[in-house]
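*Asks:* Would you mind keeping the following structure in view while I ask a few things?
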Protein chains: 2
Amino acid sequence: MDAASAPGAGGSGGRMSPPVPRIVIVGAGAIGAFYGAILQRAGARVEVVLRSHVDIVRARGFSIDSPMGDLSYRPAAVHHIADAATPGADVVICCVKVLPEVDRAALIAPWLGPQSAIALIENGLDIEPPVAAALPGHPLVSALAFVAVSRRAPGEIEHQAYGRLTLGAWPSGVSAEARDLAAWFEAGGIDVKCSASIVRERWAKSLWNTPFNPISVLADGADTVTLLETPGGETLARAAMTEVMAVAAADGHPLPADAVDRNIEATRRMPAYRNSMALDYRAGRALEVDAILGNVVARAEALGVAVPRLHTLRTLIAMREREAAARG
Amino acid sequence: MDAASAPGAGGSGGRMSPPVPRIVIVGAGAIGAFYGAILQRAGARVEVVLRSHVDIVRARGFSIDSPMGDLSYRPAAVHHIADAATPGADVVICCVKVLPEVDRAALIAPWLGPQSAIALIENGLDIEPPVAAALPGHPLVSALAFVAVSRRAPGEIEHQAYGRLTLGAWPSGVSAEARDLAAWFEAGGIDVKCSASIVRERWAKSLWNTPFNPISVLADGADTVTLLETPGGETLARAAMTEVMAVAAADGHPLPADAVDRNIEATRRMPAYRNSMALDYRAGRALEVDAILGNVVARAEALGVAVPRLHTLRTLIAMREREAAARG
């Protein structure tokens, strides 16, 4: 797949149809299943690799209820994570949670051929280096999803709103692989922003996620209205966001001076919102603490930037997890 | 009761016996019941004012199991909080939790006569001003208890260890009332440190309590070993204690330069310890957040001292309480 083969370039006027790319999605939870539907709708061959509920998805495919219409689909193949892999995908898209105990490179590797690109649709900062280091020589596309999706039951996804992707080559630039993938997502009906500075985009998203996700967990899963209405809450959120700004600037990615104000104002305009880490916490699922918060604190420490509030949040969450583990 | 009437001054060599003071203890949970036992053992007339379990305590008195021996006793009178009060106590000792919804002055007032002293055996900082403002003209003794006691059942107290009191006149000095009360406690077998600077003593105790209590709550009730063994835990504890040091110094009560080191070392020497706020949290009881933490943050803000970690802790606890209230 190269730029000339993107779906927008073919299918009309007697020009050659673009070759159909083989896309393997590793981890098809709500996010992976949703973006797989978009790609299949665009005409790609979509395979998924699952850890659980393989039989259900093989039998029924994914049922996806969406404001975009019914996005239900049957992937071209449904693999179990322990099955023998078929290497040589054009793109392997990784949508698994970024957790210390999950070796994402090991999950991606079996599906690669010499020419395969890798795309990560995952949250957080500094989530690319372990994959890039373990799988050198493969073009790496890094993507942020702005989407509200959740899984209602095995194979049943609800797409509530949004869907936009921001993507670019990692560590920077807009590669042919990034442009091609963007074209396939756009052909499937999704807005895509190609960015030449995906690390900066990650910092911009971290500005909100890095403070609000852990604060919400420590507030026992409280929503945004509760967080901001508590005395001291907006002050804490602003101060923690300002710490993220300082680390981003020291990392070479200064964010706009009014970014904190604009994020707080946007949060105040939202209805009460429970973020993904709060939902994971309430459901007893593992939390992406390192990707969202720990990597920012580590970078702050490496750059010599003081982040007392972020450090406090990270340590308190680590204490909670240790206490939970001790209680079993 | 004045200095000459303290118990050590009488009872031998044909001198006049000291008059027996009438002491009313408002709030006889574990702490109040324990110190009442000490005073009654010294020969004072001890009355208690209870909110609950009046019938049980009237029928059986307090059962107190202690390394000092059996401290069980029947108070001279057991009053319910709603009963008509008999004013004119020599000393009214308040041992109720310091909570925003509890008007301690209103609980103390009915038992006072024109000459009555007031003593507070309670934790926290700036817990005296509301009582002093509402009940002017009464000598005020402020006391810190270093004691491990807990209530096993209504009227049944277990004294595990310690018992020392540090007390002084509030806001400063060692008044005759402070010396007298100290003498009665000492006569009952308790070590007492009379301090001319009880506010400084409160700062010294806050150095540990102000960070460790809320950190433990936010860590879901974790003990000291868990807190210090978590990566980042000791760093957080030290940094938060250093913030308390800065506020204390700005308030005119500088603590020794090695106070943080010494407190951390002492904490590391202790067996795993769950502090009182952690126990209250786990039992679903109200937390003395304002007395222990909020008043320190308020004083920091009034004095212009930056306390990012303490502010974060206070706000997170407030968010938790708001979230819990919203869930009902």
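Letters for chains follow the order of the structure tokens (A, B, ...), residue numbers begin at 1 for each chain, and ligand numbers begin at 1 in the order shown.
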Between chain A and chain B, at 10 Å or less, what are the per-residue closest atom pairs and their distances in Å? Count only C-alpha atoms, order by chain and rising residue number, and return it as JSON lines.
*Replies:*
```
{"residue": "A:Ile215", "atom": "CA", "partner": "B:Leu316", "partner_atom": "CA", "distance": 7.1}
{"residue": "A:Ser216", "atom": "CA", "partner": "B:Met319", "partner_atom": "CA", "distance": 8.7}
{"residue": "A:Val217", "atom": "CA", "partner": "B:Arg320", "partner_atom": "CA", "distance": 9.5}
{"residue": "A:Leu218", "atom": "CA", "partner": "B:Leu316", "partner_atom": "CA", "distance": 6.6}
{"residue": "A:Ala219", "atom": "CA", "partner": "B:Arg320", "partner_atom": "CA", "distance": 4.4}
{"residue": "A:Asp220", "atom": "CA", "partner": "B:Arg320", "partner_atom": "CA", "distance": 5.9}
{"residue": "A:Gly221", "atom": "CA", "partner": "B:Glu323", "partner_atom": "CA", "distance": 8.0}
{"residue": "A:Ala222", "atom": "CA", "partner": "B:Glu323", "partner_atom": "CA", "distance": 5.8}
{"residue": "A:Asp223", "atom": "CA", "partner": "B:Glu323", "partner_atom": "CA", "distance": 8.6}
{"residue": "A:Thr226", "atom": "CA", "partner": "B:Glu323", "partner_atom": "CA", "distance": 6.9}
{"residue": "A:Leu227", "atom": "CA", "partner": "B:Met319", "partner_atom": "CA", "distance": 6.2}
{"residue": "A:Leu228", "atom": "CA", "partner": "B:Met319", "partner_atom": "CA", "distance": 9.0}
{"residue": "A:Glu229", "atom": "CA", "partner": "B:Met319", "partner_atom": "CA", "distance": 8.7}
{"residue": "A:Thr230", "atom": "CA", "partner": "B:Met319", "partner_atom": "CA", "distance": 5.8}
{"residue": "A:Pro231", "atom": "CA", "partner": "B:Thr315", "partner_atom": "CA", "distance": 7.1}
{"residue": "A:Gly232", "atom": "CA", "partner": "B:Thr315", "partner_atom": "CA", "distance": 5.6}
{"residue": "A:Gly233", "atom": "CA", "partner": "B:Thr315", "partner_atom": "CA", "distance": 6.1}
{"residue": "A:Glu234", "atom": "CA", "partner": "B:Thr315", "partner_atom": "CA", "distance": 9.6}
{"residue": "A:Thr235", "atom": "CA", "partner": "B:Thr315", "partner_atom": "CA", "distance": 9.1}
{"residue": "A:Leu236", "atom": "CA", "partner": "B:Thr312", "partner_atom": "CA", "distance": 6.4}
{"residue": "A:Ala237", "atom": "CA", "partner": "B:Thr312", "partner_atom": "CA", "distance": 9.4}
{"residue": "A:Ala239", "atom": "CA", "partner": "B:Pro308", "partner_atom": "CA", "distance": 8.6}
{"residue": "A:Ala240", "atom": "CA", "partner": "B:Thr312", "partner_atom": "CA", "distance": 9.3}
{"residue": "A:Val307", "atom": "CA", "partner": "B:Pro308", "partner_atom": "CA", "distance": 9.4}
{"residue": "A:Pro308", "atom": "CA", "partner": "B:Arg309", "partner_atom": "CA", "distance": 6.2}
{"residue": "A:Arg309", "atom": "CA", "partner": "B:Arg309", "partner_atom": "CA", "distance": 5.9}
{"residue": "A:Leu310", "atom": "CA", "partner": "B:Arg309", "partner_atom": "CA", "distance": 9.3}
{"residue": "A:His311", "atom": "CA", "partner": "B:Leu236", "partner_atom": "CA", "distance": 7.7}
{"residue": "A:Thr312", "atom": "CA", "partner": "B:Leu236", "partner_atom": "CA", "distance": 6.4}
{"residue": "A:Leu313", "atom": "CA", "partner": "B:Thr312", "partner_atom": "CA", "distance": 8.2}
{"residue": "A:Arg314", "atom": "CA", "partner": "B:Gly232", "partner_atom": "CA", "distance": 8.3}
{"residue": "A:Thr315", "atom": "CA", "partner": "B:Gly232", "partner_atom": "CA", "distance": 5.6}
{"residue": "A:Leu316", "atom": "CA", "partner": "B:Ala219", "partner_atom": "CA", "distance": 5.8}
{"residue": "A:Ile317", "atom": "CA", "partner": "B:Ala219", "partner_atom": "CA", "distance": 7.1}
{"residue": "A:Ala318", "atom": "CA", "partner": "B:Thr230", "partner_atom": "CA", "distance": 6.7}
{"residue": "A:Met319", "atom": "CA", "partner": "B:Ala219", "partner_atom": "CA", "distance": 5.3}
{"residue": "A:Arg320", "atom": "CA", "partner": "B:Ala219", "partner_atom": "CA", "distance": 4.4}
{"residue": "A:Glu321", "atom": "CA", "partner": "B:Ala219", "partner_atom": "CA", "distance": 8.2}
{"residue": "A:Arg322", "atom": "CA", "partner": "B:Thr230", "partner_atom": "CA", "distance": 7.1}
{"residue": "A:Glu323", "atom": "CA", "partner": "B:Ala222", "partner_atom": "CA", "distance": 5.8}
{"residue": "A:Ala324", "atom": "CA", "partner": "B:Asp220", "partner_atom": "CA", "distance": 8.2}
{"residue": "A:Ala326", "atom": "CA", "partner": "B:Thr226", "partner_atom": "CA", "distance": 8.8}
{"residue": "A:Arg327", "atom": "CA", "partner": "B:Ala222", "partner_atom": "CA", "distance": 9.9}
```
*Asks:* If you count only C-alpha atoms, which residues fall within 10 Å of Ala187 (chain B), apart from same-chain ones fewer than 2 positions away, as a list in words?
*Replies:* Ala6, Pro7, Gly8, Ile38, Leu39, Gln40, Arg41, Ala42, Gly43, Leu181, Ala182, Ala183, Trp184, Phe185, Gly189, Ile190 and Asp191 of chain B
*Asks:* Check the DSSP output for the backbone and give back, as a PyMOL selection string, the residues of region 121-173 of chain B in helix (DSSP H, G or I).
*Replies:* chain B and resi 129-134
*Asks:* To one decimal in Å, tell me the separation between CA of Asp258 (chain B) and CA of Glu243 (chain B).
*Replies:*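 So the answer is 13.9 Å.
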*Asks:* Which neighbours of Ser172 (chain B) fall inside 8 Å, counting only C-alpha atoms, when residues of the same chain fewer than 6 positions from it are skipped, and could you give them as a PDB file with N, CA, C and O atoms, in the first residue's frame?
*Replies:*
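Heads up, here's the output in out-v1.pdb:
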```pdb
ATOM      1  N   ALA B 196       5.145  25.140  77.521  1.00  0.00           N
ATOM      2  CA  ALA B 196       4.759  26.559  77.476  1.00  0.00           C
ATOM      3  C   ALA B 196       4.369  26.977  76.064  1.00  0.00           C
ATOM      4  O   ALA B 196       3.951  28.101  75.838  1.00  0.00           O
ATOM      5  N   SER B 197       4.529  26.057  75.119  1.00  0.00           N
ATOM      6  CA  SER B 197       4.217  26.388  73.732  1.00  0.00           C
ATOM      7  C   SER B 197       3.443  25.247  73.091  1.00  0.00           C
ATOM      8  O   SER B 197       3.966  24.479  72.289  1.00  0.00           O
ATOM      9  N   ILE B 198       2.182  25.143  73.471  1.00  0.00           N
ATOM     10  CA  ILE B 198       1.391  24.003  72.993  1.00  0.00           C
ATOM     11  C   ILE B 198       1.156  24.085  71.482  1.00  0.00           C
ATOM     12  O   ILE B 198       1.014  23.057  70.811  1.00  0.00           O
ATOM     13  N   VAL B 199       1.159  25.292  70.928  1.00  0.00           N
ATOM     14  CA  VAL B 199       0.980  25.405  69.472  1.00  0.00           C
ATOM     15  C   VAL B 199       2.185  24.773  68.756  1.00  0.00           C
ATOM     16  O   VAL B 199       2.036  24.062  67.767  1.00  0.00           O
TER      17      VAL B 199
END
```
*Asks:* Pick from A:Ala298, A:Ala291, A:Ala153, A:Ala33: nearest to Ser72 (chain A), with only C-alpha atoms counted?
*Replies:*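 Of A:Ala298, A:Ala291, A:Ala153, A:Ala33, the one nearest Ser72 (chain A), counting only C-alpha atoms, is A:Ala33.
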*Asks:* May I have all residues of region 43-243 of chain B that DSSP, computed from the backbone, assigns to strand (DSSP E or B), given as number ranges by chain?
*Replies:* B: 45-50, 62-66, 69-70, 73, 77-80, 89-94, 112-121, 140-153, 156-169, 192-194
*Asks:* Give me the residues near Asp126 (chain A) as a count of residues only, where near means some atom within 10 Å (using only C-alpha atoms) and where sequence neighbours in that chain fewer than 5 positions away do not count.
*Replies:* 11
*Asks:* Excluding region 270-276 of chain A and any residue of its chain fewer than 3 positions from it, enumerate the residues within 7 Å of it, using only C-alpha atoms, and give them as an MDAnalysis selection string.
*Replies:* chainID A and resid 213 222:225 266:267 279:280
*Asks:* Quick one: distance from CA of Val141 (chain B) to CA of Glu177 (chain B) in Å, one decimal?
*Replies:* 7.2 Å
*Asks:* Mind dumping a table of every region 17-81 of chain A residue within 9 Å of region 94-111 of chain A, with the nearest atom pair and its distance in Å to one decimal, using only C-alpha atoms, sorted by chain and rising number, as JSON lines?
*Replies:*
```
{"residue": "A:Val24", "atom": "CA", "partner": "A:Trp111", "partner_atom": "CA", "distance": 7.4}
{"residue": "A:Ile25", "atom": "CA", "partner": "A:Cys94", "partner_atom": "CA", "distance": 6.0}
{"residue": "A:Val26", "atom": "CA", "partner": "A:Cys94", "partner_atom": "CA", "distance": 4.8}
{"residue": "A:Gly27", "atom": "CA", "partner": "A:Val96", "partner_atom": "CA", "distance": 4.8}
{"residue": "A:Ala28", "atom": "CA", "partner": "A:Cys95", "partner_atom": "CA", "distance": 6.7}
{"residue": "A:Gly29", "atom": "CA", "partner": "A:Cys95", "partner_atom": "CA", "distance": 7.6}
{"residue": "A:Ile31", "atom": "CA", "partner": "A:Cys95", "partner_atom": "CA", "distance": 6.8}
{"residue": "A:Gly32", "atom": "CA", "partner": "A:Cys95", "partner_atom": "CA", "distance": 5.4}
{"residue": "A:Ile81", "atom": "CA", "partner": "A:Leu107", "partner_atom": "CA", "distance": 7.8}
```
*Asks:* Of the candidates B:Ser52, B:Asn209, B:Gln160, B:Ser150, which shows the shortest atom-to-atom distance to Asn263 (chain B), using only C-alpha atoms?
*Replies:*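 Of B:Ser52, B:Asn209, B:Gln160, B:Ser150, the one nearest Asn263 (chain B) is B:Asn209, counting only C-alpha atoms.
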*Asks:* Which one of A:Tyr35, A:Arg60, A:Gly88, A:Leu112 sits closest to Ala143 (chain A) if you count only C-alpha atoms?
*Replies:*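 Smallest separation from Ala143 (chain A) among the options: A:Tyr35.
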*Asks:* With a distance cut-off of 12 Å and only C-alpha atoms, select the neighbouring residues of Ala257 (chain A), excluding the residue or stretch itself and same-chain residues fewer than 6 positions from it, and output the selection as a short mmCIF file (atom, residue, chain, number, x, y, z; two decimals) with all heavy atoms, in the first residue's frame.
*Replies:*
```cif
data_model
loop_
_atom_site.label_atom_id
_atom_site.label_comp_id
_atom_site.auth_asym_id
_atom_site.auth_seq_id
_atom_site.Cartn_x
_atom_site.Cartn_y
_atom_site.Cartn_z
N ALA A 204 -0.42 17.37 23.93
CA ALA A 204 -1.66 18.16 23.99
C ALA A 204 -2.80 17.34 24.60
O ALA A 204 -3.59 17.85 25.41
CB ALA A 204 -2.04 18.64 22.60
N MET A 241 -2.33 20.62 35.49
CA MET A 241 -2.19 20.83 34.04
C MET A 241 -1.00 21.74 33.76
O MET A 241 -0.27 21.55 32.76
CB MET A 241 -3.47 21.43 33.48
CG MET A 241 -4.66 20.47 33.52
SD MET A 241 -6.24 21.30 33.16
CE MET A 241 -6.29 21.05 31.39
N THR A 242 -0.80 22.72 34.60
CA THR A 242 0.34 23.63 34.41
C THR A 242 1.66 22.87 34.56
O THR A 242 2.65 23.16 33.87
CB THR A 242 0.24 24.79 35.41
OG1 THR A 242 -1.01 25.46 35.21
CG2 THR A 242 1.38 25.78 35.24
N MET A 245 2.18 21.21 31.30
CA MET A 245 2.68 22.24 30.35
C MET A 245 4.19 22.42 30.50
O MET A 245 4.90 22.55 29.50
CB MET A 245 1.99 23.58 30.63
CG MET A 245 0.51 23.63 30.39
SD MET A 245 0.11 24.13 28.69
CE MET A 245 0.42 25.90 28.79
N ALA A 246 4.64 22.47 31.73
CA ALA A 246 6.06 22.73 31.97
C ALA A 246 6.92 21.58 31.46
O ALA A 246 8.00 21.80 30.89
CB ALA A 246 6.30 22.96 33.47
N ALA A 249 6.96 21.69 27.62
CA ALA A 249 7.85 22.74 27.12
C ALA A 249 9.31 22.31 27.25
O ALA A 249 10.10 22.48 26.32
CB ALA A 249 7.59 24.03 27.88
N ASN A 263 -8.94 24.21 28.16
CA ASN A 263 -9.33 22.86 28.61
C ASN A 263 -10.31 22.91 29.78
O ASN A 263 -11.25 22.12 29.84
CB ASN A 263 -8.09 22.05 29.00
CG ASN A 263 -7.55 21.22 27.85
OD1 ASN A 263 -8.01 20.12 27.63
ND2 ASN A 263 -6.61 21.77 27.10
#
```
